[in-house]
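Written below as C-alpha cells is the structure these notes are about.
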2 protein chains.
Amino acid sequence: MSDQSPFAAPGNEAELEEGTALTPKFDADGLVTCVATDAKTGDVLMVAHMNAEAVAKTIATGEAWYFSRSRRALWKKGESSGHTQRVVEMRIDCDQDAVWLKVEQQVAACHTGRRSCFYRSVPLGQNGSAVKLEFHDERVFDPKAAYRPKA
Amino acid sequence: MSDQSPFAAPGNEAELEEGTALTPKFDADGLVTCVATDAKTGDVLMVAHMNAEAVAKTIATGEAWYFSRSRRALWKKGESSGHTQRVVEMRIDCDQDAVWLKVEQQVAACHTGRRSCFYRSVPLGQNGSAVKLEFHDERVFDPKAAYRPKA
C-alpha cells in the first residue's frame with residue numbers, strides 16, 4: 001500500500017508537528033482515523049478511516065473518500081446512497097495520524113438513517129455496566145430504501 | 001483486558017445499533033476511538049483511544065480518561081498539565097466502536113500548546129504530495145513549561 005502512497009514518509013516529531021509537509025502517519029494497516037463534522041452545527045457525523053489513496057482523492061476532489069476496513073475497499077461516501085460529503089475544510093492533527101473534515105452532508109451520514117452516527121448518549125455519573133443509552137436523533141431516511149440494489 | 005471490562009460483549013448488529021445497552025466493540029488491542037470536541041465551539045480538540053477501564057472511568061467521573069497506545073497506560077487527560085476535560089455529553093456511535101465527548105477543555109487539549117490538535121489545514125483541489133499545510137491556531141501555553149517535571 002505504501003508503494004502507492006503519494007505522500008513522503010513521516011519525519012521526526014518536530015517535522016510532523018511543526019512542518020508544512022503533509023506526511024500522514026498511517027498505522028500498520030495503512031490507515032489514519034478520520035472524523036467528519038457538520039460544517040454548520042459542529043456535530044460529529046461519523047468516524048471512519050482513510051488509506052493514502054482516500055486521503056489523496058479527498059484532497060484532489062473536495063469530496064470525502066474513505067477506506068472500508070470490513071470490505072477492504074476504497075469508498076466514496078455516498079456512492080450507493082447519494083449521501084455525499086462536500087469538504088468545506090480539511091485539517092490534520094499534531095502527529096498526522098488523524099484527519100478532521102468539516103463537511104456539507106447530503107441528507108444523512110449514518111447508514112441507520114440518522115443524520116449522525118452518534119445518535120445515542122451515555123448518561124454519566126454511574127456504573128458503566130448499568131448504563132441505559134438514550135436516543136436523540138430520528139431517522140431522516142429509510143435505510144432499507146436507500147441501500148436497496150438498483151433495478 | 002476483556003476480563004476487566006465491566007461491559008457485556010457486543011451483540012448482533014440490531015442489538016448494537018438499536019439497543020440501549022452500552023456494549024463497546026473494542027478492537028484487537030482492546031480499544032475504541034474517541035473524539036473530543038469543544039462543547040461551546042464544536043471544534044474537534046483531539047482524537048485518542050479508550051480501553052474498557054477508560055470508558056468506565058469517564059462515565060463514572062464525568063472527566064475524560066484515555067488509554068495511551070505508546071505508553072500502554074490508562075491516562076487521565078490533564079493529569080500532568082492540569083488541562084483536564086469535563087465531559088458535558090458523551091455519545092456512542094452506531095456500531096459502538098467510537099465515542100464522542102463534548103467537553104469543557106481547561107486551557108488547551110494539544111501537547112504542542114495549541115487549543116486543538118488540529119491546528120493545520122490541508123488545502124484542497126490539488127495533488128496531495130504537493131500540499132503545503134496552513135497554520136491556524138497560536139499557542140496558548142508553553143509546552144516546555146507545562147510538562148516540566150515538578151520540583
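Every chain in the C-alpha cells has a letter given in the order shown (A, B, ...), and although residue numbers restart at 1 in each chain, ligands are simply numbered from 1 in the order shown.
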Which residues are close to Ala48 (chain A), i.e. within 8 Å by only C-alpha atoms, leaving aside same-chain residues fewer than 6 positions away? Reply as a compact mmCIF listing (two decimals) with all heavy atoms, in the first residue's frame.
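To be explicit, this is the file written out as selection04.txt:
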# COMPACT_ATOMS: atom_id res chain seq x y z
N THR A 33 -7.21 7.74 11.08
CA THR A 33 -8.59 7.93 11.53
C THR A 33 -9.11 9.24 10.95
O THR A 33 -8.37 10.22 10.86
CB THR A 33 -8.64 7.99 13.07
OG1 THR A 33 -8.06 6.79 13.58
CG2 THR A 33 -10.06 8.12 13.58
N CYS A 34 -10.38 9.26 10.58
CA CYS A 34 -10.99 10.49 10.08
C CYS A 34 -12.29 10.77 10.80
O CYS A 34 -13.16 9.91 10.91
CB CYS A 34 -11.24 10.39 8.58
SG CYS A 34 -11.98 11.89 7.92
N VAL A 35 -12.44 12.01 11.28
CA VAL A 35 -13.66 12.49 11.92
C VAL A 35 -14.33 13.47 10.97
O VAL A 35 -13.67 14.43 10.53
CB VAL A 35 -13.34 13.24 13.22
CG1 VAL A 35 -14.63 13.69 13.91
CG2 VAL A 35 -12.47 12.41 14.13
N TYR A 66 -13.20 7.36 1.81
CA TYR A 66 -12.73 6.59 2.96
C TYR A 66 -12.22 5.23 2.49
O TYR A 66 -12.30 4.89 1.31
CB TYR A 66 -13.87 6.41 3.97
CG TYR A 66 -14.41 7.71 4.52
CD1 TYR A 66 -15.61 8.25 4.05
CD2 TYR A 66 -13.72 8.42 5.51
CE1 TYR A 66 -16.11 9.45 4.55
CE2 TYR A 66 -14.21 9.62 6.01
CZ TYR A 66 -15.40 10.12 5.52
OH TYR A 66 -15.88 11.32 6.02
N PHE A 67 -11.74 4.47 3.48
CA PHE A 67 -11.36 3.08 3.20
C PHE A 67 -12.15 2.20 4.16
O PHE A 67 -12.07 2.37 5.39
CB PHE A 67 -9.86 2.87 3.40
CG PHE A 67 -9.40 1.48 3.01
CD1 PHE A 67 -9.13 1.17 1.69
CD2 PHE A 67 -9.28 0.48 3.97
CE1 PHE A 67 -8.72 -0.11 1.33
CE2 PHE A 67 -8.88 -0.80 3.62
CZ PHE A 67 -8.60 -1.09 2.29
N SER A 68 -12.91 1.28 3.62
CA SER A 68 -13.71 0.39 4.45
C SER A 68 -12.85 -0.76 4.95
O SER A 68 -12.31 -1.53 4.15
CB SER A 68 -14.89 -0.16 3.64
OG SER A 68 -15.46 -1.27 4.34
Put chain B on top of chain A with a least-squares fit on all C-alpha atoms, paired in order, and send it back as a compact mmCIF listing (two decimals) with N, CA and C atoms, in the first residue's frame.
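Resulting contents of result.txt:
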# COMPACT_ATOMS: atom_id res chain seq x y z
N MET B 1 0.85 -1.22 0.05
CA MET B 1 0.03 0.00 0.04
C MET B 1 0.90 1.25 0.04
N SER B 2 2.05 1.18 0.78
CA SER B 2 2.89 2.37 0.86
C SER B 2 3.52 2.67 -0.50
N ASP B 3 3.63 1.65 -1.35
CA ASP B 3 4.18 1.87 -2.69
C ASP B 3 3.31 2.82 -3.50
N GLN B 4 2.00 2.79 -3.21
CA GLN B 4 1.07 3.62 -3.98
C GLN B 4 0.86 4.99 -3.34
N SER B 5 1.43 5.23 -2.17
CA SER B 5 1.17 6.48 -1.47
C SER B 5 1.89 7.63 -2.15
N PRO B 6 1.18 8.73 -2.40
CA PRO B 6 1.84 9.90 -2.98
C PRO B 6 2.55 10.73 -1.92
N PHE B 7 2.45 10.33 -0.65
CA PHE B 7 2.98 11.14 0.44
C PHE B 7 4.37 10.67 0.87
N ALA B 8 5.21 11.62 1.26
CA ALA B 8 6.51 11.27 1.80
C ALA B 8 6.33 10.59 3.16
N ALA B 9 7.32 9.81 3.56
CA ALA B 9 7.28 9.14 4.86
C ALA B 9 7.33 10.19 5.97
N PRO B 10 6.67 9.92 7.11
CA PRO B 10 6.70 10.87 8.22
C PRO B 10 8.12 11.12 8.69
N GLY B 11 8.41 12.35 9.05
CA GLY B 11 9.73 12.71 9.57
C GLY B 11 9.77 12.56 11.08
N ASN B 12 10.68 13.29 11.71
CA ASN B 12 10.77 13.23 13.17
C ASN B 12 9.63 14.03 13.81
N GLU B 13 9.60 14.05 15.14
CA GLU B 13 8.48 14.67 15.84
C GLU B 13 8.32 16.15 15.48
N ALA B 14 9.43 16.86 15.42
CA ALA B 14 9.36 18.30 15.11
C ALA B 14 8.83 18.53 13.70
N GLU B 15 9.29 17.70 12.75
CA GLU B 15 8.81 17.84 11.37
C GLU B 15 7.31 17.54 11.27
N LEU B 16 6.89 16.45 11.97
CA LEU B 16 5.47 16.07 11.94
C LEU B 16 4.60 17.18 12.52
N GLU B 17 5.05 17.75 13.64
CA GLU B 17 4.19 18.66 14.40
C GLU B 17 4.26 20.11 13.95
N GLU B 18 5.45 20.52 13.47
CA GLU B 18 5.61 21.94 13.16
C GLU B 18 5.90 22.19 11.68
N GLY B 19 5.89 21.13 10.88
CA GLY B 19 6.19 21.27 9.47
C GLY B 19 4.98 21.64 8.63
N THR B 20 5.23 21.97 7.37
CA THR B 20 4.14 22.30 6.45
C THR B 20 3.94 21.18 5.42
N ALA B 21 4.70 20.08 5.53
CA ALA B 21 4.52 18.96 4.61
C ALA B 21 3.47 18.00 5.17
N LEU B 22 2.57 17.58 4.29
CA LEU B 22 1.58 16.57 4.69
C LEU B 22 2.22 15.19 4.54
N THR B 23 2.54 14.58 5.68
CA THR B 23 3.18 13.24 5.69
C THR B 23 2.39 12.37 6.66
N PRO B 24 1.20 11.89 6.26
CA PRO B 24 0.33 11.17 7.20
C PRO B 24 1.04 9.97 7.80
N LYS B 25 0.78 9.75 9.10
CA LYS B 25 1.41 8.63 9.80
C LYS B 25 0.41 7.47 9.79
N PHE B 26 0.44 6.70 8.71
CA PHE B 26 -0.48 5.57 8.57
C PHE B 26 -0.10 4.47 9.55
N ASP B 27 -1.13 3.76 10.07
CA ASP B 27 -0.86 2.69 11.02
C ASP B 27 -0.44 1.41 10.29
N ALA B 28 -0.32 0.31 11.02
CA ALA B 28 0.17 -0.94 10.44
C ALA B 28 -0.72 -1.42 9.29
N ASP B 29 -2.00 -1.02 9.31
CA ASP B 29 -2.92 -1.38 8.24
C ASP B 29 -2.96 -0.33 7.12
N GLY B 30 -2.09 0.69 7.22
CA GLY B 30 -2.05 1.72 6.18
C GLY B 30 -3.16 2.75 6.31
N LEU B 31 -3.68 2.95 7.52
CA LEU B 31 -4.84 3.82 7.71
C LEU B 31 -4.59 4.97 8.71
N VAL B 32 -5.30 6.07 8.50
CA VAL B 32 -5.44 7.11 9.52
C VAL B 32 -6.92 7.21 9.88
N THR B 33 -7.19 7.74 11.08
CA THR B 33 -8.57 7.93 11.53
C THR B 33 -9.10 9.24 10.95
N CYS B 34 -10.37 9.25 10.58
CA CYS B 34 -10.97 10.49 10.07
C CYS B 34 -12.29 10.78 10.79
N VAL B 35 -12.42 12.01 11.27
CA VAL B 35 -13.65 12.48 11.90
C VAL B 35 -14.32 13.47 10.96
N ALA B 36 -15.60 13.24 10.65
CA ALA B 36 -16.34 14.20 9.83
C ALA B 36 -17.34 14.92 10.72
N THR B 37 -17.30 16.25 10.68
CA THR B 37 -18.27 17.04 11.44
C THR B 37 -19.11 17.87 10.47
N ASP B 38 -20.31 18.21 10.92
CA ASP B 38 -21.21 19.06 10.14
C ASP B 38 -20.66 20.48 10.17
N ALA B 39 -20.35 21.04 8.99
CA ALA B 39 -19.71 22.35 8.93
C ALA B 39 -20.59 23.44 9.54
N LYS B 40 -21.91 23.23 9.56
CA LYS B 40 -22.81 24.27 10.11
C LYS B 40 -22.99 24.11 11.62
N THR B 41 -23.28 22.88 12.10
CA THR B 41 -23.65 22.68 13.50
C THR B 41 -22.47 22.28 14.38
N GLY B 42 -21.38 21.77 13.79
CA GLY B 42 -20.26 21.27 14.58
C GLY B 42 -20.48 19.86 15.10
N ASP B 43 -21.65 19.28 14.86
CA ASP B 43 -21.90 17.91 15.33
C ASP B 43 -20.97 16.92 14.65
N VAL B 44 -20.49 15.94 15.41
CA VAL B 44 -19.73 14.85 14.80
C VAL B 44 -20.71 13.96 14.06
N LEU B 45 -20.47 13.76 12.78
CA LEU B 45 -21.35 12.93 11.96
C LEU B 45 -20.91 11.48 11.96
N MET B 46 -19.61 11.24 11.82
CA MET B 46 -19.11 9.87 11.73
C MET B 46 -17.60 9.84 12.00
N VAL B 47 -17.13 8.66 12.34
CA VAL B 47 -15.69 8.39 12.43
C VAL B 47 -15.40 7.23 11.48
N ALA B 48 -14.41 7.39 10.62
CA ALA B 48 -14.08 6.34 9.66
C ALA B 48 -12.57 6.34 9.44
N HIS B 49 -12.11 5.61 8.44
CA HIS B 49 -10.68 5.50 8.18
C HIS B 49 -10.35 5.86 6.74
N MET B 50 -9.12 6.30 6.53
CA MET B 50 -8.64 6.64 5.19
C MET B 50 -7.29 5.95 4.97
N ASN B 51 -7.11 5.36 3.78
CA ASN B 51 -5.76 4.97 3.38
C ASN B 51 -5.17 6.11 2.54
N ALA B 52 -3.96 5.92 2.05
CA ALA B 52 -3.29 7.01 1.33
C ALA B 52 -4.11 7.46 0.12
N GLU B 53 -4.71 6.50 -0.58
CA GLU B 53 -5.49 6.84 -1.76
C GLU B 53 -6.73 7.66 -1.38
N ALA B 54 -7.38 7.30 -0.28
CA ALA B 54 -8.56 8.04 0.17
C ALA B 54 -8.18 9.47 0.56
N VAL B 55 -7.04 9.64 1.25
CA VAL B 55 -6.58 10.98 1.60
C VAL B 55 -6.33 11.79 0.33
N ALA B 56 -5.62 11.18 -0.62
CA ALA B 56 -5.27 11.88 -1.86
C ALA B 56 -6.51 12.25 -2.67
N LYS B 57 -7.47 11.33 -2.75
CA LYS B 57 -8.69 11.61 -3.53
C LYS B 57 -9.55 12.68 -2.86
N THR B 58 -9.59 12.67 -1.53
CA THR B 58 -10.35 13.69 -0.81
C THR B 58 -9.74 15.07 -1.08
N ILE B 59 -8.43 15.17 -1.02
CA ILE B 59 -7.75 16.44 -1.29
C ILE B 59 -8.00 16.88 -2.74
N ALA B 60 -7.88 15.95 -3.67
CA ALA B 60 -7.98 16.31 -5.09
C ALA B 60 -9.39 16.71 -5.49
N THR B 61 -10.41 16.02 -4.91
CA THR B 61 -11.79 16.21 -5.38
C THR B 61 -12.62 17.12 -4.47
N GLY B 62 -12.20 17.30 -3.21
CA GLY B 62 -13.02 18.06 -2.28
C GLY B 62 -14.29 17.33 -1.86
N GLU B 63 -14.34 16.03 -2.12
CA GLU B 63 -15.42 15.15 -1.63
C GLU B 63 -14.76 14.09 -0.74
N ALA B 64 -15.53 13.60 0.25
CA ALA B 64 -14.95 12.66 1.22
C ALA B 64 -14.87 11.24 0.66
N TRP B 65 -13.66 10.69 0.71
CA TRP B 65 -13.38 9.29 0.37
C TRP B 65 -12.83 8.60 1.60
N TYR B 66 -13.20 7.36 1.80
CA TYR B 66 -12.73 6.60 2.96
C TYR B 66 -12.22 5.24 2.50
N PHE B 67 -11.71 4.46 3.48
CA PHE B 67 -11.34 3.08 3.20
C PHE B 67 -12.13 2.20 4.16
N SER B 68 -12.90 1.28 3.63
CA SER B 68 -13.70 0.38 4.47
C SER B 68 -12.83 -0.76 4.97
N ARG B 69 -12.70 -0.87 6.29
CA ARG B 69 -11.90 -1.96 6.87
C ARG B 69 -12.60 -3.30 6.68
N SER B 70 -13.93 -3.32 6.74
CA SER B 70 -14.64 -4.60 6.60
C SER B 70 -14.63 -5.08 5.14
N ARG B 71 -14.78 -4.14 4.20
CA ARG B 71 -14.80 -4.55 2.79
C ARG B 71 -13.42 -4.48 2.14
N ARG B 72 -12.43 -3.95 2.88
CA ARG B 72 -11.07 -3.79 2.35
C ARG B 72 -11.11 -3.07 1.00
N ALA B 73 -11.81 -1.94 0.96
CA ALA B 73 -12.00 -1.26 -0.32
C ALA B 73 -12.10 0.25 -0.13
N LEU B 74 -11.55 0.97 -1.11
CA LEU B 74 -11.74 2.41 -1.20
C LEU B 74 -13.22 2.67 -1.40
N TRP B 75 -13.71 3.79 -0.87
CA TRP B 75 -15.15 4.00 -0.80
C TRP B 75 -15.42 5.49 -0.84
N LYS B 76 -16.17 5.93 -1.85
CA LYS B 76 -16.60 7.33 -1.85
C LYS B 76 -17.88 7.45 -1.05
N LYS B 77 -17.86 8.29 -0.01
CA LYS B 77 -19.04 8.45 0.83
C LYS B 77 -20.22 8.87 -0.05
N GLY B 78 -21.30 8.09 0.04
CA GLY B 78 -22.51 8.41 -0.73
C GLY B 78 -22.58 7.75 -2.08
N GLU B 79 -21.60 6.89 -2.40
CA GLU B 79 -21.59 6.31 -3.76
C GLU B 79 -22.80 5.40 -3.97
N SER B 80 -23.31 4.76 -2.89
CA SER B 80 -24.52 3.94 -3.01
C SER B 80 -25.77 4.76 -2.70
N SER B 81 -25.71 5.53 -1.64
CA SER B 81 -26.91 6.20 -1.11
C SER B 81 -27.16 7.57 -1.71
N GLY B 82 -26.12 8.18 -2.30
CA GLY B 82 -26.23 9.56 -2.74
C GLY B 82 -25.96 10.56 -1.63
N HIS B 83 -25.66 10.06 -0.43
CA HIS B 83 -25.45 10.94 0.72
C HIS B 83 -23.99 11.35 0.81
N THR B 84 -23.57 12.15 -0.14
CA THR B 84 -22.17 12.55 -0.26
C THR B 84 -21.81 13.63 0.77
N GLN B 85 -20.51 13.84 0.91
CA GLN B 85 -19.98 14.87 1.81
C GLN B 85 -19.05 15.79 1.03
N ARG B 86 -19.47 17.07 0.88
CA ARG B 86 -18.58 18.06 0.28
C ARG B 86 -17.71 18.62 1.39
N VAL B 87 -16.40 18.59 1.17
CA VAL B 87 -15.47 19.02 2.22
C VAL B 87 -15.32 20.54 2.19
N VAL B 88 -15.69 21.17 3.30
CA VAL B 88 -15.55 22.62 3.44
C VAL B 88 -14.14 22.95 3.92
N GLU B 89 -13.63 22.13 4.84
CA GLU B 89 -12.27 22.32 5.32
C GLU B 89 -11.71 20.98 5.78
N MET B 90 -10.42 20.77 5.53
CA MET B 90 -9.75 19.54 5.95
C MET B 90 -8.60 19.94 6.86
N ARG B 91 -8.50 19.24 7.99
CA ARG B 91 -7.40 19.52 8.92
C ARG B 91 -6.68 18.23 9.29
N ILE B 92 -5.44 18.36 9.71
CA ILE B 92 -4.64 17.21 10.13
C ILE B 92 -4.15 17.49 11.56
N ASP B 93 -4.00 16.45 12.36
CA ASP B 93 -3.64 16.70 13.76
C ASP B 93 -2.14 16.73 13.97
N CYS B 94 -1.74 16.98 15.20
CA CYS B 94 -0.34 17.25 15.54
C CYS B 94 0.60 16.17 15.03
N ASP B 95 0.28 14.89 15.28
CA ASP B 95 1.20 13.83 14.86
C ASP B 95 0.76 13.19 13.54
N GLN B 96 -0.17 13.84 12.86
CA GLN B 96 -0.57 13.46 11.48
C GLN B 96 -1.08 12.03 11.35
N ASP B 97 -1.79 11.56 12.39
CA ASP B 97 -2.44 10.25 12.25
C ASP B 97 -3.97 10.35 12.36
N ALA B 98 -4.49 11.59 12.30
CA ALA B 98 -5.93 11.78 12.32
C ALA B 98 -6.30 12.99 11.46
N VAL B 99 -7.40 12.86 10.75
CA VAL B 99 -7.90 13.90 9.83
C VAL B 99 -9.26 14.37 10.33
N TRP B 100 -9.50 15.66 10.25
CA TRP B 100 -10.82 16.23 10.57
C TRP B 100 -11.37 16.88 9.32
N LEU B 101 -12.53 16.41 8.88
CA LEU B 101 -13.23 17.02 7.74
C LEU B 101 -14.45 17.77 8.25
N LYS B 102 -14.55 19.06 7.91
CA LYS B 102 -15.81 19.79 8.10
C LYS B 102 -16.56 19.66 6.78
N VAL B 103 -17.75 19.09 6.82
CA VAL B 103 -18.43 18.75 5.56
C VAL B 103 -19.84 19.32 5.47
N GLU B 104 -20.29 19.47 4.22
CA GLU B 104 -21.71 19.66 3.95
C GLU B 104 -22.26 18.28 3.62
N GLN B 105 -23.07 17.76 4.54
CA GLN B 105 -23.58 16.39 4.43
C GLN B 105 -24.90 16.39 3.66
N GLN B 106 -24.98 15.62 2.60
CA GLN B 106 -26.25 15.41 1.92
C GLN B 106 -27.09 14.43 2.74
N VAL B 107 -28.32 14.83 3.10
CA VAL B 107 -29.31 14.01 3.79
C VAL B 107 -28.83 13.52 5.16
N ALA B 108 -27.95 12.54 5.20
CA ALA B 108 -27.56 11.93 6.47
C ALA B 108 -26.28 11.14 6.29
N ALA B 109 -25.50 11.06 7.39
CA ALA B 109 -24.22 10.35 7.32
C ALA B 109 -24.35 8.88 7.71
N CYS B 110 -25.33 8.55 8.55
CA CYS B 110 -25.36 7.21 9.14
C CYS B 110 -26.19 6.23 8.31
N HIS B 111 -25.69 5.02 8.17
CA HIS B 111 -26.38 4.01 7.38
C HIS B 111 -27.69 3.55 8.03
N THR B 112 -27.88 3.92 9.33
CA THR B 112 -29.14 3.56 10.00
C THR B 112 -30.26 4.54 9.68
N GLY B 113 -29.92 5.63 8.99
CA GLY B 113 -30.95 6.60 8.61
C GLY B 113 -30.90 7.89 9.41
N ARG B 114 -30.03 7.92 10.45
CA ARG B 114 -29.91 9.16 11.22
C ARG B 114 -28.86 10.08 10.58
N ARG B 115 -28.99 11.37 10.87
CA ARG B 115 -28.04 12.34 10.32
C ARG B 115 -26.62 12.04 10.82
N SER B 116 -26.47 11.75 12.09
CA SER B 116 -25.16 11.42 12.67
C SER B 116 -25.16 9.98 13.16
N CYS B 117 -23.99 9.35 13.11
CA CYS B 117 -23.84 8.00 13.69
C CYS B 117 -23.94 8.05 15.21
N PHE B 118 -23.76 9.24 15.80
CA PHE B 118 -23.72 9.35 17.27
C PHE B 118 -25.09 9.76 17.79
N TYR B 119 -26.10 8.90 17.58
CA TYR B 119 -27.49 9.25 17.90
C TYR B 119 -27.89 8.80 19.30
N ARG B 120 -26.96 8.22 20.06
CA ARG B 120 -27.26 7.80 21.43
C ARG B 120 -26.27 8.39 22.42
N SER B 121 -26.79 8.92 23.52
CA SER B 121 -25.92 9.45 24.56
C SER B 121 -25.78 8.44 25.69
N VAL B 122 -24.66 8.59 26.40
CA VAL B 122 -24.32 7.72 27.52
C VAL B 122 -24.48 8.55 28.80
N PRO B 123 -25.45 8.23 29.65
CA PRO B 123 -25.61 8.99 30.89
C PRO B 123 -24.36 8.87 31.76
N LEU B 124 -23.99 9.95 32.41
CA LEU B 124 -22.76 9.98 33.21
C LEU B 124 -23.05 9.81 34.70
N GLY B 125 -21.99 9.56 35.45
CA GLY B 125 -22.11 9.52 36.91
C GLY B 125 -22.63 8.20 37.46
N GLN B 126 -22.48 7.15 36.71
CA GLN B 126 -22.95 5.85 37.20
C GLN B 126 -22.00 4.73 36.78
N ASN B 127 -22.36 3.52 37.17
CA ASN B 127 -21.59 2.34 36.83
C ASN B 127 -21.79 2.02 35.34
N GLY B 128 -20.69 1.91 34.60
CA GLY B 128 -20.77 1.72 33.15
C GLY B 128 -21.63 0.55 32.71
N SER B 129 -21.59 -0.52 33.46
CA SER B 129 -22.31 -1.72 33.05
C SER B 129 -23.82 -1.56 33.20
N ALA B 130 -24.25 -0.56 34.00
CA ALA B 130 -25.68 -0.37 34.25
C ALA B 130 -26.28 0.73 33.37
N VAL B 131 -25.43 1.31 32.52
CA VAL B 131 -25.87 2.46 31.70
C VAL B 131 -26.98 2.07 30.73
N LYS B 132 -27.97 2.97 30.59
CA LYS B 132 -29.02 2.79 29.59
C LYS B 132 -28.89 3.93 28.58
N LEU B 133 -28.54 3.59 27.34
CA LEU B 133 -28.33 4.61 26.32
C LEU B 133 -29.63 5.36 26.02
N GLU B 134 -29.49 6.66 25.71
CA GLU B 134 -30.66 7.49 25.40
C GLU B 134 -30.61 7.90 23.93
N PHE B 135 -31.71 7.68 23.21
CA PHE B 135 -31.78 8.02 21.79
C PHE B 135 -32.10 9.51 21.61
N HIS B 136 -31.47 10.12 20.58
CA HIS B 136 -31.70 11.55 20.33
C HIS B 136 -32.23 11.83 18.93
N ASP B 137 -31.62 11.24 17.92
CA ASP B 137 -31.94 11.64 16.54
C ASP B 137 -32.95 10.69 15.90
N GLU B 138 -33.92 11.28 15.27
CA GLU B 138 -34.89 10.51 14.48
C GLU B 138 -34.27 10.14 13.14
N ARG B 139 -34.79 9.09 12.55
CA ARG B 139 -34.34 8.75 11.19
C ARG B 139 -34.80 9.82 10.21
N VAL B 140 -33.92 10.19 9.26
CA VAL B 140 -34.30 11.14 8.22
C VAL B 140 -34.44 10.44 6.86
N PHE B 141 -34.06 9.17 6.80
CA PHE B 141 -34.34 8.38 5.59
C PHE B 141 -34.52 6.93 6.01
N ASP B 142 -35.10 6.16 5.11
CA ASP B 142 -35.35 4.74 5.36
C ASP B 142 -34.16 3.95 4.81
N PRO B 143 -33.35 3.36 5.69
CA PRO B 143 -32.14 2.70 5.21
C PRO B 143 -32.44 1.54 4.25
N LYS B 144 -33.58 0.89 4.42
CA LYS B 144 -33.92 -0.22 3.51
C LYS B 144 -34.09 0.28 2.09
N ALA B 145 -34.70 1.46 1.96
CA ALA B 145 -34.92 2.01 0.62
C ALA B 145 -33.62 2.59 0.03
N ALA B 146 -32.83 3.25 0.89
CA ALA B 146 -31.65 3.94 0.37
C ALA B 146 -30.59 2.97 -0.14
N TYR B 147 -30.50 1.79 0.49
CA TYR B 147 -29.44 0.86 0.10
C TYR B 147 -29.97 -0.33 -0.72
N ARG B 148 -31.24 -0.22 -1.15
CA ARG B 148 -31.80 -1.29 -1.99
C ARG B 148 -31.03 -1.31 -3.33
N PRO B 149 -30.68 -2.48 -3.80
CA PRO B 149 -29.99 -2.54 -5.10
C PRO B 149 -30.83 -1.88 -6.19
N LYS B 150 -30.15 -1.11 -7.02
CA LYS B 150 -30.86 -0.41 -8.11
C LYS B 150 -31.39 -1.44 -9.10
N ALA B 151 -32.61 -1.18 -9.59
CA ALA B 151 -33.24 -2.12 -10.54
C ALA B 151 -32.53 -2.06 -11.89
Check your understanding: Using the chain letters and numbers from this document, which residues of region 9-135 of chain A does DSSP assign to strand (DSSP E), as a ChimeraX atom specification?
Key -> /A:32-38,44-50,65-68,73-76,85-92,98-105,120-121,134-135
